[in-house]
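File shown here: target19.tsv, holding TSV, C-alpha atoms.
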chain	number	residue	atom	x	y	z
A	19	MET	CA	15.32	1.05	9.90
A	20	PRO	CA	11.74	2.06	9.05
A	21	SER	CA	9.58	3.40	11.86
A	22	GLY	CA	6.34	1.77	13.05
A	23	THR	CA	4.30	3.98	10.73
A	24	ASN	CA	6.19	2.68	7.69
A	25	ARG	CA	4.91	-0.20	5.56
A	26	TYR	CA	8.38	-1.79	5.72
A	27	ALA	CA	8.72	-1.86	9.52
A	28	GLY	CA	9.66	-5.41	10.47
A	29	ILE	CA	10.34	-6.43	6.85
A	30	ALA	CA	13.65	-8.17	6.18
A	31	LYS	CA	16.41	-6.12	4.55
A	32	LEU	CA	18.09	-8.15	1.80
A	33	THR	CA	21.23	-7.69	-0.31
A	34	TYR	CA	21.60	-8.25	-4.04
A	35	ALA	CA	25.05	-8.51	-5.59
A	36	ALA	CA	25.13	-8.44	-9.40
A	37	PRO	CA	28.36	-9.58	-11.03
A	38	GLY	CA	30.81	-6.68	-11.24
A	39	GLN	CA	28.51	-4.31	-9.29
A	40	PRO	CA	28.58	-3.21	-5.67
A	41	PRO	CA	26.02	-4.92	-3.43
A	42	ARG	CA	22.65	-3.17	-3.10
A	43	GLN	CA	20.32	-3.46	-0.15
A	44	TYR	CA	16.56	-3.59	-0.50
A	45	TYR	CA	13.51	-4.56	1.55
A	46	ALA	CA	11.67	-7.78	0.85
A	47	ARG	CA	8.24	-7.32	-0.67
A	48	PRO	CA	5.62	-6.87	2.05
A	49	ILE	CA	2.91	-9.50	2.21
A	50	LEU	CA	-0.46	-7.79	2.32
A	51	PRO	CA	-3.09	-9.07	4.75
A	52	GLN	CA	-6.19	-10.65	3.31
A	53	LEU	CA	-9.01	-8.10	3.04
A	54	ALA	CA	-11.38	-10.44	4.85
A	55	ALA	CA	-8.90	-10.62	7.75
A	56	ALA	CA	-8.67	-6.83	8.15
A	57	LYS	CA	-10.98	-5.37	10.76
A	58	ILE	CA	-12.87	-2.73	8.79
A	59	ALA	CA	-14.05	0.17	10.94
A	60	ARG	CA	-15.80	2.20	8.23
A	61	GLN	CA	-15.77	3.23	4.58
A	62	ALA	CA	-14.81	6.44	2.79
A	63	THR	CA	-15.74	7.59	-0.70
A	64	VAL	CA	-12.88	9.15	-2.66
A	65	THR	CA	-13.32	12.68	-4.03
A	66	THR	CA	-11.35	14.39	-6.80
A	67	ALA	CA	-9.36	16.34	-4.18
A	68	ASP	CA	-8.29	13.25	-2.21
A	69	ARG	CA	-4.79	11.83	-1.85
A	70	PRO	CA	-3.75	8.80	0.22
A	71	ASP	CA	-2.21	10.98	2.93
A	72	LEU	CA	-5.34	13.13	3.23
A	73	ILE	CA	-7.59	10.09	3.66
A	74	ALA	CA	-5.23	8.67	6.30
A	75	ASN	CA	-5.06	11.98	8.14
A	76	ARG	CA	-8.87	12.15	8.31
A	77	ALA	CA	-9.10	8.51	9.40
A	78	PHE	CA	-6.24	8.29	11.88
A	79	GLY	CA	-4.89	11.81	12.42
A	80	ASP	CA	-1.57	10.75	10.86
A	81	PRO	CA	-0.91	11.15	7.12
A	82	LEU	CA	1.94	8.62	7.25
A	83	THR	CA	-0.47	5.76	7.96
A	84	PHE	CA	-1.88	5.76	4.42
A	85	TRP	CA	-0.34	2.33	3.90
A	86	TRP	CA	-2.67	0.84	6.57
A	87	ILE	CA	-5.56	1.76	4.28
A	88	ALA	CA	-3.73	0.56	1.16
A	89	ASN	CA	-2.98	-2.79	2.83
A	90	ALA	CA	-6.58	-3.24	4.01
A	91	ASN	CA	-7.77	-2.72	0.44
A	92	GLY	CA	-5.11	-4.98	-1.14
A	93	TRP	CA	-3.18	-2.22	-2.94
A	94	LEU	CA	0.61	-2.26	-3.17
A	95	ASP	CA	0.38	1.18	-4.79
A	96	PRO	CA	-1.34	3.54	-2.33
A	97	PHE	CA	-2.24	5.94	-5.15
A	98	ALA	CA	-4.59	3.28	-6.53
A	99	MET	CA	-7.04	4.24	-3.79
A	100	THR	CA	-7.48	7.77	-5.15
A	101	ALA	CA	-7.12	7.11	-8.89
A	102	ILE	CA	-10.88	7.01	-9.51
A	103	PRO	CA	-13.18	9.48	-7.71
A	104	GLY	CA	-16.17	7.69	-6.25
A	105	THR	CA	-14.14	4.64	-5.23
A	106	VAL	CA	-15.23	3.28	-1.86
A	107	VAL	CA	-12.21	2.73	0.37
A	108	MET	CA	-12.31	0.43	3.39
A	109	ILE	CA	-10.83	2.10	6.49
A	110	PRO	CA	-9.36	-0.51	8.85
A	111	ALA	CA	-9.55	-0.35	12.62
A	112	PRO	CA	-6.52	1.56	13.98
A	113	SER	CA	-4.97	-1.62	15.41
A	114	ALA	CA	-4.70	-3.15	11.90
Written form, structure tokens:
Amino acid sequence: MPSGTNRYAGIAKLTYAAPGQPPRQYYARPILPQLAAAKIARQATVTTADRPDLIANRAFGDPLTFWWIANANGWLDPFAMTAIPGTVVMIPAPSA
């Protein structure tokens, strides 16, 4: 089961059984919170050296919380936040 710092913590684990194949387990797609509903604490501007884990480590002291930032900005792919240097990233409040 994913830990509390994982995007999939609390998400239902489902099973898919294709005909003639063994069943496979997967997690349901997470539903991202609305950006307006996220409590934004501050902003960060992405540099060419940034990665999602580095931004999260600076913001929260834990590189594994990068998904909090991705969720607050509406990104399923956390690497979207660092794809374009100069992008302004919303940093949610730690309770988000």
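Considering the residues A:Ile102, A:Ala90, A:Ala111, A:Ala46 and counting all atoms listed in the file, Ala77 (chain A) has its shortest atom-to-atom contact with A:Ala111.
Environment of (-14.7, 14.2, -4.2): residues at most 10 Å away, judged by only C-alpha atoms, are Thr63, Val64, Thr65, Thr66, Ala67, Asp68, Thr100, Ile102, Pro103, Gly104 and Thr105 of chain A.
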Selected residues written out, C-alpha atoms, as a short mmCIF file (atom, residue, chain, number, x, y, z; two decimals), in the frame of the given file:
data_model
loop_
_atom_site.label_atom_id
_atom_site.label_comp_id
_atom_site.auth_asym_id
_atom_site.auth_seq_id
_atom_site.Cartn_x
_atom_site.Cartn_y
_atom_site.Cartn_z
CA THR A 63 -15.74 7.59 -0.70
CA VAL A 64 -12.88 9.15 -2.66
CA THR A 65 -13.32 12.68 -4.03
CA THR A 66 -11.35 14.39 -6.80
CA ALA A 67 -9.36 16.34 -4.18
CA ASP A 68 -8.29 13.25 -2.21
CA THR A 100 -7.48 7.77 -5.15
CA ILE A 102 -10.88 7.01 -9.51
CA PRO A 103 -13.18 9.48 -7.71
CA GLY A 104 -16.17 7.69 -6.25
CA THR A 105 -14.14 4.64 -5.23
#
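Interatomic distance, CA of Ala88 (chain A) against CA of Gln43 (chain A): 24.4 Å.
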Seminar exercise, completed: If you count only C-alpha atoms, the residue of A:Thr33, A:Arg47, A:Pro70, A:Gly28 closest to Pro96 (chain A) turns out to be A:Pro70
Exercise. Suppose you want the space between CA of Ile87 (chain A) and CA of Val107 (chain A); what is it in Å?
Worked result: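 One can read the CA of Ile87 (chain A) to CA of Val107 (chain A) distance as 7.8 Å.
Minimum atom-to-atom distance to Arg69 (chain A), evaluated using only C-alpha atoms, belongs to A:Phe97 out of A:Phe97, A:Tyr45, A:Trp85, A:Tyr34.
Here CA of Asp80 (chain A) stands at a distance of 19.3 Å from CA of Leu94 (chain A).
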Problem set entry | Residue among A:Asn89, A:Ala98, A:Asn75, A:Ala59 lying closest to Pro110 (chain A), counting only C-alpha atoms |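 Distance minimum relative to Pro110 (chain A) lands on A:Ala59.
Comparing the minimum interatomic distances between Ile73 (chain A) and each of A:Ile58, A:Ile109, A:Trp93, A:Arg42, counting all atoms listed in the file, we find that A:Ile109 sits nearest.
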Take every atom of region 35-46 of chain A listed in the file, fit an axis-aligned box around them, add 6 Å per side, and give the centre and edge lengths in Å to one decimal as lines of an AutoDock Vina configuration file.
center_x = 21.2
center_y = -6.4
center_z = -4.8
size_x = 31.1
size_y = 18.4
size_z = 24.8
